[in-house]
file target_8.cif (mmCIF, C-alpha atoms)
data_work
loop_
_atom_site.label_atom_id
_atom_site.label_comp_id
_atom_site.auth_asym_id
_atom_site.auth_seq_id
_atom_site.Cartn_x
_atom_site.Cartn_y
_atom_site.Cartn_z
CA MET S 217 0.00 0.00 0.00
CA ARG S 218 2.81 2.35 0.97
CA ARG S 219 4.76 1.41 -2.20
CA SER S 220 1.76 1.96 -4.41
CA GLY S 221 1.11 5.33 -2.69
CA ILE S 222 4.68 6.46 -3.35
CA PHE S 223 4.32 5.37 -6.99
CA VAL S 224 1.10 7.37 -7.33
CA VAL S 225 2.89 10.44 -5.93
CA LEU S 226 5.95 10.00 -8.15
CA LEU S 227 4.03 9.20 -11.36
CA PRO S 228 2.88 12.74 -12.09
CA LEU S 229 6.42 14.01 -11.46
CA ILE S 230 7.89 11.44 -13.88
CA LEU S 231 5.30 12.22 -16.49
CA GLY S 232 5.76 15.92 -15.91
CA VAL S 233 9.53 15.75 -16.43
CA ASN S 234 9.07 13.71 -19.60
CA GLY S 235 6.42 16.15 -20.73
CA VAL S 236 8.79 19.06 -20.22
CA ARG S 237 11.52 17.22 -22.15
CA ALA S 238 9.08 16.46 -24.97
CA ALA S 239 8.05 20.11 -25.03
CA ASP S 240 11.72 21.18 -25.18
CA ILE S 241 12.37 18.85 -28.13
CA SER S 242 9.22 20.03 -29.84
CA VAL S 243 10.19 23.71 -29.49
CA GLN S 244 13.70 22.91 -30.75
CA THR S 245 12.23 21.03 -33.72
CA ILE S 246 9.93 23.90 -34.54
CA ASN S 247 12.80 26.34 -34.24
CA ASN S 248 14.90 24.22 -36.59
CA GLU S 249 12.08 23.83 -39.09
CA ASN S 250 11.27 27.50 -39.05
CA TYR S 251 14.88 28.66 -39.16
CA GLN S 252 15.38 31.54 -41.50
CA PRO S 253 18.79 33.05 -42.21
CA PRO S 254 19.35 36.54 -40.82
CA ALA S 255 18.04 39.27 -43.10
CA TRP S 256 21.58 40.49 -43.77
CA ALA S 257 22.88 37.08 -44.85
CA PRO S 258 23.51 37.00 -48.61
CA THR S 259 21.99 34.28 -50.79
CA VAL S 260 23.46 32.69 -53.89
CA SER S 261 21.32 31.81 -56.89
CA VAL S 262 21.86 30.47 -60.40
CA VAL S 263 19.55 31.89 -63.05
CA GLY S 264 19.59 30.97 -66.69
CA SER S 265 17.93 30.44 -70.02
CA LEU S 266 18.52 27.89 -72.76
CA SER S 267 16.95 28.25 -76.18
CA PRO S 268 17.26 26.63 -79.61
CA THR S 269 15.97 29.38 -81.91
CA TRP S 270 15.35 29.82 -85.63
CA THR S 271 16.05 33.23 -87.12
CA ASN S 272 15.38 34.61 -90.58
CA ASN S 273 18.30 37.06 -90.34
CA ALA S 274 21.40 35.61 -88.69
CA PHE S 275 23.57 38.70 -89.27
CA PHE S 276 20.94 41.37 -88.58
CA SER S 277 21.59 42.53 -92.12
CA ARG S 278 19.40 44.90 -94.12
CA ASP S 279 20.10 43.29 -97.49
CA ASP S 280 21.80 39.93 -96.99
CA ARG S 281 19.37 37.84 -94.95
CA LYS S 282 20.46 34.35 -94.04
CA SER S 283 18.21 32.10 -91.98
CA ASP S 284 19.66 29.62 -89.52
CA TRP S 285 19.21 27.84 -86.21
CA PHE S 286 21.22 28.92 -83.21
CA LEU S 287 21.50 27.96 -79.56
CA ASN S 288 21.26 30.80 -77.07
CA SER S 289 22.66 30.04 -73.61
CA ASP S 290 22.42 32.68 -70.89
CA LEU S 291 23.67 31.85 -67.39
CA SER S 292 24.06 34.07 -64.31
CA VAL S 293 25.34 33.44 -60.81
CA ARG S 294 24.08 36.01 -58.31
CA LEU S 295 24.89 36.98 -54.76
CA ASP S 296 21.98 38.91 -53.22
CA GLY S 297 21.82 40.59 -49.85
CA ARG S 298 20.36 43.50 -47.91
CA LEU S 299 22.01 46.53 -46.40
CA ALA S 300 18.69 47.75 -44.93
CA PRO S 301 15.10 46.46 -45.04
CA ASP S 302 14.41 48.30 -48.29
CA LEU S 303 17.94 48.54 -49.69
CA SER S 304 19.33 45.46 -51.43
CA TYR S 305 22.54 44.72 -53.29
CA ARG S 306 23.52 42.17 -55.91
CA PHE S 307 26.87 41.03 -57.26
CA TYR S 308 26.70 38.84 -60.33
CA VAL S 309 28.53 37.25 -63.22
CA ARG S 310 26.81 36.43 -66.49
CA SER S 311 27.75 34.46 -69.60
CA GLU S 312 25.79 34.46 -72.85
CA ILE S 313 26.46 32.54 -76.06
CA ASP S 314 24.87 32.43 -79.51
CA ALA S 315 26.12 29.34 -81.39
CA PHE S 316 24.83 29.03 -84.97
CA ALA S 317 24.38 25.77 -86.86
CA LYS S 318 25.63 26.96 -90.28
CA GLN S 319 26.43 30.69 -90.17
CA LYS S 320 29.49 30.38 -87.94
CA ASP S 321 30.51 34.00 -88.61
CA ALA S 322 27.41 35.03 -86.64
CA ASP S 323 28.58 33.19 -83.50
CA TRP S 324 28.82 35.57 -80.59
CA SER S 325 29.50 35.44 -76.86
CA MET S 326 30.02 37.71 -73.90
CA GLY S 327 30.90 37.59 -70.23
CA LEU S 328 30.34 40.24 -67.60
CA TRP S 329 30.39 40.99 -63.92
CA GLY S 330 28.18 43.57 -62.33
CA ALA S 331 26.97 45.16 -59.12
CA ARG S 332 23.53 46.55 -58.36
CA LEU S 333 22.01 48.60 -55.56
CA ALA S 334 18.20 48.56 -55.46
CA LYS S 335 15.71 50.43 -53.30
CA ASN S 336 11.93 50.47 -53.16
CA ILE S 337 10.51 53.93 -53.67
CA GLY S 338 6.75 53.79 -53.42
CA GLU S 339 5.61 50.92 -55.61
CA TRP S 340 8.72 51.13 -57.80
CA ASN S 341 11.97 49.26 -57.48
CA VAL S 342 14.74 51.68 -58.42
CA SER S 343 18.29 50.51 -59.05
CA ALA S 344 21.76 51.75 -59.94
CA VAL S 345 23.94 49.27 -61.82
CA PHE S 346 27.55 48.98 -62.95
CA GLU S 347 28.62 46.28 -65.42
CA ASN S 348 32.03 45.41 -66.86
CA ARG S 349 31.38 43.47 -70.05
CA TYR S 350 33.59 41.60 -72.55
CA ASP S 351 32.16 40.94 -76.02
CA TYR S 352 33.56 38.31 -78.38
CA GLY S 353 33.03 37.20 -81.96
CA GLY S 354 32.80 33.41 -82.02
CA ILE S 355 32.63 31.45 -78.80
CA TYR S 356 35.01 33.52 -76.63
CA ASN S 357 37.33 33.69 -79.63
CA GLU S 358 37.82 37.17 -81.12
CA HIS S 359 37.68 39.98 -78.57
CA LEU S 360 35.42 42.71 -79.99
CA PHE S 361 35.40 45.26 -77.18
CA THR S 362 35.32 45.76 -73.44
CA ALA S 363 32.52 47.93 -72.09
CA TYR S 364 31.81 49.67 -68.80
CA ASP S 365 28.08 50.35 -68.42
CA ILE S 366 26.62 52.74 -65.86
CA MET S 367 22.86 52.33 -65.60
CA ALA S 368 19.82 53.52 -63.69
CA ALA S 369 16.57 51.55 -63.86
CA ALA S 370 13.07 51.44 -62.42
CA SER S 371 10.42 48.71 -62.56
CA ARG S 372 7.22 47.63 -60.86
CA ASP S 373 4.28 45.23 -61.24
CA PHE S 374 0.63 45.99 -61.87
CA THR S 375 -2.08 43.36 -61.75
CA ILE S 376 -5.28 44.13 -63.62
CA ASN S 377 -7.90 41.37 -63.83
CA SER S 378 -5.20 38.76 -63.03
CA VAL S 379 -3.01 40.01 -65.90
CA ILE S 380 0.42 41.08 -64.65
CA PHE S 381 2.02 44.11 -66.26
CA SER S 382 5.68 44.85 -65.50
CA PRO S 383 6.82 48.19 -66.89
CA PHE S 384 10.57 48.73 -66.97
CA ILE S 385 12.66 51.78 -67.83
CA ARG S 386 16.45 51.97 -67.96
CA GLY S 387 19.00 54.54 -69.05
CA ARG S 388 22.72 54.01 -69.46
CA TYR S 389 26.00 55.30 -70.76
CA ARG S 390 28.51 52.83 -72.14
CA PHE S 391 32.22 53.56 -71.89
CA SER S 392 34.43 51.25 -73.94
CA ASP S 393 38.01 50.54 -74.94
CA ARG S 394 36.78 50.88 -78.57
CA ASP S 395 35.22 54.25 -79.30
CA PHE S 396 32.67 52.88 -81.82
CA ALA S 397 30.90 51.01 -79.00
CA GLU S 398 30.26 54.04 -76.79
CA TYR S 399 26.69 55.30 -76.58
CA TRP S 400 23.80 56.68 -74.57
CA ARG S 401 20.90 54.28 -74.46
CA LEU S 402 17.29 54.23 -73.27
CA ASP S 403 15.32 50.99 -72.78
CA LEU S 404 11.55 50.83 -72.30
CA ALA S 405 9.90 47.45 -71.83
CA LEU S 406 6.56 46.06 -70.72
CA GLY S 407 6.40 42.48 -69.49
CA ILE S 408 2.87 41.05 -69.80
CA GLU S 409 1.71 37.74 -68.36
CA ALA S 410 -1.91 36.57 -68.62
CA PRO S 411 -2.45 33.31 -66.66
CA LEU S 412 -4.81 30.85 -68.35
CA ASN S 413 -4.83 28.35 -65.48
CA GLU S 414 -2.52 27.00 -62.79
CA ARG S 415 0.33 26.29 -65.19
CA TRP S 416 -0.28 27.93 -68.55
CA SER S 417 -0.11 31.59 -69.40
CA ILE S 418 0.23 33.86 -72.42
CA VAL S 419 3.25 36.14 -72.26
CA SER S 420 4.49 39.10 -74.23
CA SER S 421 7.53 41.38 -73.87
CA PRO S 422 7.35 44.42 -76.16
CA PHE S 423 10.29 46.77 -75.83
CA PHE S 424 11.80 49.90 -77.36
CA GLU S 425 15.47 50.81 -77.33
CA ALA S 426 17.08 54.05 -78.47
CA PHE S 427 20.83 54.40 -79.02
CA TRP S 428 22.84 57.58 -79.50
CA PHE S 429 26.40 56.66 -80.44
CA THR S 430 29.09 59.07 -79.40
CA GLY S 431 32.43 57.82 -80.70
CA GLY S 432 34.56 56.73 -83.64
CA VAL S 433 32.98 55.58 -86.89
CA ASN S 434 29.57 55.49 -85.20
CA SER S 435 29.70 59.10 -83.99
CA GLY S 436 26.39 60.80 -84.77
CA ARG S 437 24.61 57.52 -85.45
CA ALA S 438 21.17 57.11 -83.84
CA ASP S 439 19.28 53.80 -83.80
CA GLN S 440 15.84 52.83 -82.56
CA ILE S 441 14.80 49.22 -82.01
CA TYR S 442 11.17 48.15 -81.80
CA SER S 443 10.50 44.61 -80.64
CA VAL S 444 7.31 42.66 -79.96
CA SER S 445 6.99 39.06 -78.88
CA LEU S 446 4.20 36.63 -78.12
CA GLY S 447 4.56 33.32 -76.34
CA LEU S 448 2.86 30.51 -74.49
CA LYS S 449 4.42 29.75 -71.12
CA TYR S 450 4.21 26.49 -69.19
CA ASN S 451 5.24 26.59 -65.53
CA ILE S 452 7.03 23.29 -64.90
CA ALA S 453 7.71 24.43 -61.33
CA PRO S 454 7.72 27.83 -59.60
CA ASN S 455 11.36 28.23 -60.59
CA VAL S 456 11.37 26.45 -63.99
CA SER S 457 9.34 27.40 -67.04
CA LEU S 458 9.18 26.61 -70.74
CA THR S 459 8.07 29.35 -73.14
CA THR S 460 7.51 29.01 -76.87
CA ASN S 461 8.08 32.43 -78.33
CA VAL S 462 7.83 34.39 -81.57
CA ALA S 463 9.69 37.71 -81.60
CA PHE S 464 9.77 40.39 -84.28
CA GLU S 465 12.38 43.10 -84.14
CA GLU S 466 13.02 46.10 -86.37
CA ARG S 467 15.87 48.57 -86.16
CA LEU S 468 15.64 52.01 -87.66
CA SER S 469 18.78 54.09 -88.03
CA ASN S 470 20.01 57.32 -89.56
CA VAL S 471 22.71 55.09 -91.12
CA GLY S 472 20.77 53.25 -93.82
CA ILE S 473 22.87 50.08 -93.83
CA ARG S 474 22.23 49.57 -90.10
CA ARG S 475 18.51 49.02 -90.57
CA TYR S 476 17.18 45.49 -90.32
CA GLN S 477 14.14 43.36 -89.63
CA ASN S 478 14.36 40.04 -87.84
CA VAL S 479 12.07 37.22 -86.73
CA ASP S 480 13.10 34.68 -84.05
CA ILE S 481 11.04 31.57 -83.24
CA GLY S 482 11.88 29.04 -80.57
CA PRO S 483 11.31 27.58 -77.11
CA HIS S 484 13.06 28.97 -74.03
CA LEU S 485 13.77 26.96 -70.91
CA ASP S 486 14.17 29.39 -67.99
CA PHE S 487 15.31 28.36 -64.53
CA ALA S 488 16.30 29.87 -61.20
CA PHE S 489 17.84 27.90 -58.32
CA MET B 220 63.46 58.57 -106.32
CA LYS B 221 60.31 57.88 -108.33
CA SER B 222 60.21 54.35 -107.03
CA MET B 223 60.50 55.64 -103.45
CA ILE B 224 57.58 58.02 -104.05
CA ALA B 225 55.57 55.19 -105.58
CA VAL B 226 56.31 52.98 -102.58
CA ALA B 227 55.31 55.79 -100.19
CA ILE B 228 52.05 56.44 -102.08
CA GLY B 229 51.38 52.71 -102.16
CA ALA B 230 51.98 52.47 -98.42
CA ILE B 231 49.64 55.40 -97.72
CA LEU B 232 46.92 53.87 -99.92
CA LEU B 233 47.39 50.51 -98.23
CA LEU B 234 47.15 52.07 -94.79
CA GLY B 235 44.11 54.04 -95.87
CA THR B 236 42.38 50.93 -97.17
CA GLY B 237 43.39 49.05 -94.06
CA SER B 238 42.06 51.65 -91.69
CA GLY B 239 38.89 51.87 -93.74
CA SER B 240 38.24 48.17 -93.47
CA LEU B 241 39.20 48.27 -89.81
CA ALA B 242 36.71 51.06 -89.21
CA GLN B 243 34.04 49.14 -91.09
CA GLY B 244 34.95 46.03 -89.14
CA ARG B 245 34.60 47.90 -85.87
CA GLY B 246 31.16 49.07 -86.86
CA ASP B 247 30.22 45.48 -87.59
CA ALA B 248 31.80 44.36 -84.33
CA GLY B 249 29.48 46.66 -82.43
CA ASP B 250 26.55 45.26 -84.38
CA ARG B 251 27.46 41.65 -83.71
CA SER B 252 26.57 42.13 -80.06
CA GLN B 253 23.08 43.42 -80.92
CA ARG B 254 21.46 39.99 -81.18
CA GLY B 255 22.87 38.98 -77.81
CA ASP B 256 21.72 42.30 -76.36
CA SER B 257 18.15 41.76 -77.52
CA GLU B 258 18.12 38.09 -76.50
CA GLY B 259 19.62 38.99 -73.14
CA PHE B 260 16.99 41.66 -72.59
CA ARG B 261 14.13 39.24 -73.34
CA ASN B 262 15.78 36.59 -71.15
CA THR B 263 16.04 39.06 -68.26
CA ILE B 264 12.37 40.02 -68.55
CA ARG B 265 11.33 36.34 -68.47
CA GLU B 266 13.74 35.45 -65.68
CA GLU B 267 12.43 38.27 -63.50
CA ARG B 268 9.05 36.53 -63.53
CA LEU B 269 10.48 33.18 -62.45
CA LYS B 270 10.81 33.77 -58.74
CA LYS B 271 7.43 35.45 -58.51
CA PRO B 272 4.84 32.69 -58.02
CA THR B 273 2.12 33.59 -60.50
CA TYR B 274 0.27 30.32 -60.09
CA LEU B 275 -0.63 27.78 -57.42
CA GLN B 276 -0.31 24.04 -57.62
CA SER B 277 -3.63 22.31 -58.26
CA GLY B 278 -5.65 22.29 -55.06
CA GLN B 279 -3.07 24.36 -53.19
CA GLN B 280 -4.38 27.09 -50.93
CA ALA B 281 -2.93 30.53 -51.23
CA PRO B 282 -0.70 31.19 -48.20
CA GLU B 283 -2.00 33.72 -45.71
CA PRO B 284 0.15 36.77 -45.35
CA ASN B 285 2.28 36.49 -42.21
CA THR B 286 2.06 39.94 -40.74
CA ASP B 287 2.61 39.32 -37.03
CA GLY B 288 6.00 37.62 -37.26
CA THR B 289 4.80 34.28 -35.89
CA THR B 290 5.08 30.92 -37.61
CA ASP B 291 2.12 28.87 -38.75
CA ARG B 292 2.82 26.19 -36.16
CA ASN B 293 3.09 28.75 -33.40
CA LYS B 294 -0.26 30.16 -34.45
CA LYS B 295 -1.84 26.71 -34.17
CA LYS B 296 -0.46 26.30 -30.67
CA LYS B 297 -2.08 29.51 -29.67
#

call {"tool": "encode", "arguments": {"input": "target_8.cif", "output": "C-alpha cells"}}
result
Amino acid sequence: MRRSGIFVVLLPLILGVNGVRAADISVQTINNENYQPPAWAPTVSVVGSLSPTWTNNAFFSRDDRKSDWFLNSDLSVRLDGRLAPDLSYRFYVRSEIDAFAKQKDADWSMGLWGARLAKNIGEWNVSAVFENRYDYGGIYNEHLFTAYDIMAAASRDFTINSVIFSPFIRGRYRFSDRDFAEYWRLDLALGIEAPLNERWSIVSSPFFEAFWFTGGVNSGRADQIYSVSLGLKYNIAPNVSLTTNVAFEERLSNVGIRRYQNVDIGPHLDFAF
Amino acid sequence: MKSMIAVAIGAILLLGTGSGSLAQGRGDAGDRSQRGDSEGFRNTIREERLKKPTYLQSGQQAPEPNTDGTTDRNKKKK
C-alpha cells in the first residue's frame, strides 16, 4: 500500500519531467524547421535560359538575310543581400552565347560581372547598376570590345484582372576601350503575363530601345529598335518554365545600312535555383 | 626617287584601305553584339518573372500573409 502510494505520488512528477523534455524537443524542432537566415545574410542563386531558336536574319543585315538555327545560352550566378530592409545589393557574373548551326561568322558570346544597388521607392523598385562586359566574336574567340556600363533603372508590377504588367525603364552610358561602341541608351519594356490556369499563361515582352552613339565611326549615329513578342508559357515548377516564343524586331537608323528586320522563333527553358 | 615616291604612295593607300576596313569592321563588331543584347533583354524580362509565383499548384491554398511575425505552427499552438 505504501509502495503503491509512493508510486502514485511519483508518477505525475515522472510524467511531468518527460512532458517538459518532450516540449523542449518540440520547441527545438519547430525552431529548426522555421529557421530563416538573418536578413543580412547573402543568398546565392543560379539563373539561366537555354533556347534553340530559328532566325530569318542571322547577321541582322538589311540586305543579306540568311536564316539559320542557333542555340542561345544565358547563365548568371548572383549573390543577393540587404544593407537595410528596403535597400538590397547584388553582385553577379553572367555568360551568354549564340552558337549558330551553319552561319558560324554570326557566332557571338560575352561575359560580364556587375553590381547593383536597389531600393523600393513607393511601388517602384529603383536601381543603380555597374557592369564590366567583354564581347567576343565566335565562342570567346575574337575579342570585340570591353565595355563599362553605368545604368539607372526602375520597374514595378501591376495586376489588372489577373493580368500582370511589369513596366521597366532603364538609361545608361557605355564607356568602352573601342570608341565605336560608346553610346547613350534608353530601354523601355513592358512584361505582360496573362495566366490561363494553374500552369499555362500567355506572355508578351514588347520593348523599345534608343541608341545615340558618341564615338569613332559610329559618332552621330542614332538607332531605334522596336520589338514585340508573343509566347505561351508552361510553368514546370515555380522556378522552372518553358516558353515558346515568336519575336519580331526592327531597327531604324540614320545610317541606312544599319537598318534590319528580324524574326526569331523558338522555345526557351528558364530556370532559377 | 620615283620608285620611293611610288612605294610611299602605295603604303599610304594601303594604310588608308586598311584603316577603312578596320573602321568598317569595328562598326560590324558593335553590331554583332546586338542579337545577344536583344536576346539577353528578353531573357532578363522572363527570368524576373520566375521567382514570382504567379500560379498555385492544383488544389493548393494561397498562403496567408504572415504579418505578425509568428510561424504557422506557433499560431496553431495559440

call {"tool": "closest_residue", "arguments": {"input": "target_8.cif", "among": "S:Leu328, S:Val263, S:Ile481, S:Ala257", "to": "Glu267 in chain B", "atoms": "only C-alpha atoms"}}
result
S:Val263

call {"tool": "resolve_selection", "arguments": {"input": "target_8.cif", "expression": "the PyMOL selection byres ((chain S) within 8 of (chain B))", "output": "number ranges by chain"}}
result
S: 246, 250, 263-265, 275-276, 288, 290, 312-314, 322, 324-325, 351, 353, 360, 396-397, 407, 411, 413-415, 421, 433-434, 454-457, 486-488

call {"tool": "closest_residue", "arguments": {"input": "target_8.cif", "among": "S:Ala317, S:Val293, S:Ala300, S:Val471", "to": "Phe489 in chain S", "atoms": "all atoms listed in the file"}}
result
S:Val293

call {"tool": "atom_distance", "arguments": {"input": "target_8.cif", "atom1": "CA of Asp280 in chain S", "atom2": "CA of Phe464 in chain S"}}
result
17.5 Å

call {"tool": "resolve_selection", "arguments": {"input": "target_8.cif", "expression": "the PyMOL selection byres ((chain S and resi 273) around 10)", "output": "list in words"}}
result
Trp270, Thr271, Asn272, Ala274, Phe275, Phe276, Ser277, Arg278, Asp279, Asp280, Arg281, Lys282, Ser283, Asp284, Tyr476, Gln477, Asn478, Val479 and Asp480 of chain S

call {"tool": "residues_around", "arguments": {"input": "target_8.cif", "residues": "Ala426 in chain S", "least_positions_apart": "5", "cutoff": "8 Å", "atoms": "all atoms listed in the file", "output": "MDAnalysis selection string"}}
result
chainID S and resid 401:403 438:441

call {"tool": "atom_distance", "arguments": {"input": "target_8.cif", "atom1": "CA of Ala369 in chain S", "atom2": "CA of Ser392 in chain S"}}
result
20.5 Å

call {"tool": "atom_distance", "arguments": {"input": "target_8.cif", "atom1": "CA of Pro268 in chain S", "atom2": "CA of Ser382 in chain S"}}
result
25.8 Å

call {"tool": "resolve_selection", "arguments": {"input": "target_8.cif", "expression": "the PyMOL selection byres ((chain S and resi 315) around 6)", "output": "list in words"}}
result
Phe286, Leu287, Asp314, Phe316 and Asp323 of chain S

call {"tool": "residues_around", "arguments": {"input": "target_8.cif", "residues": "Gly330 in chain S", "least_positions_apart": "2", "cutoff": "7 Å", "atoms": "all atoms listed in the file", "output": "ChimeraX atom specification"}}
result
/S:307-309,328,332,346-348

call {"tool": "residues_around", "arguments": {"input": "target_8.cif", "residues": "Pro422 in chain S", "least_positions_apart": "6", "cutoff": "6 Å", "atoms": "all atoms listed in the file", "output": "JSON, numbers by chain"}}
result
{"S": [405, 406, 443, 444]}

call {"tool": "residues_around", "arguments": {"input": "target_8.cif", "residues": "Arg437 in chain S", "least_positions_apart": "4", "cutoff": "12 Å", "atoms": "all atoms listed in the file", "output": "list in words"}}
result
Phe396, Ala397, Glu398, Tyr399, Trp400, Ala426, Phe427, Trp428, Phe429, Thr430, Gly431, Gly432, Val433, Leu468, Ser469, Asn470, Val471, Gly472, Ile473, Arg474 and Arg475 of chain S; Gly246 of chain B
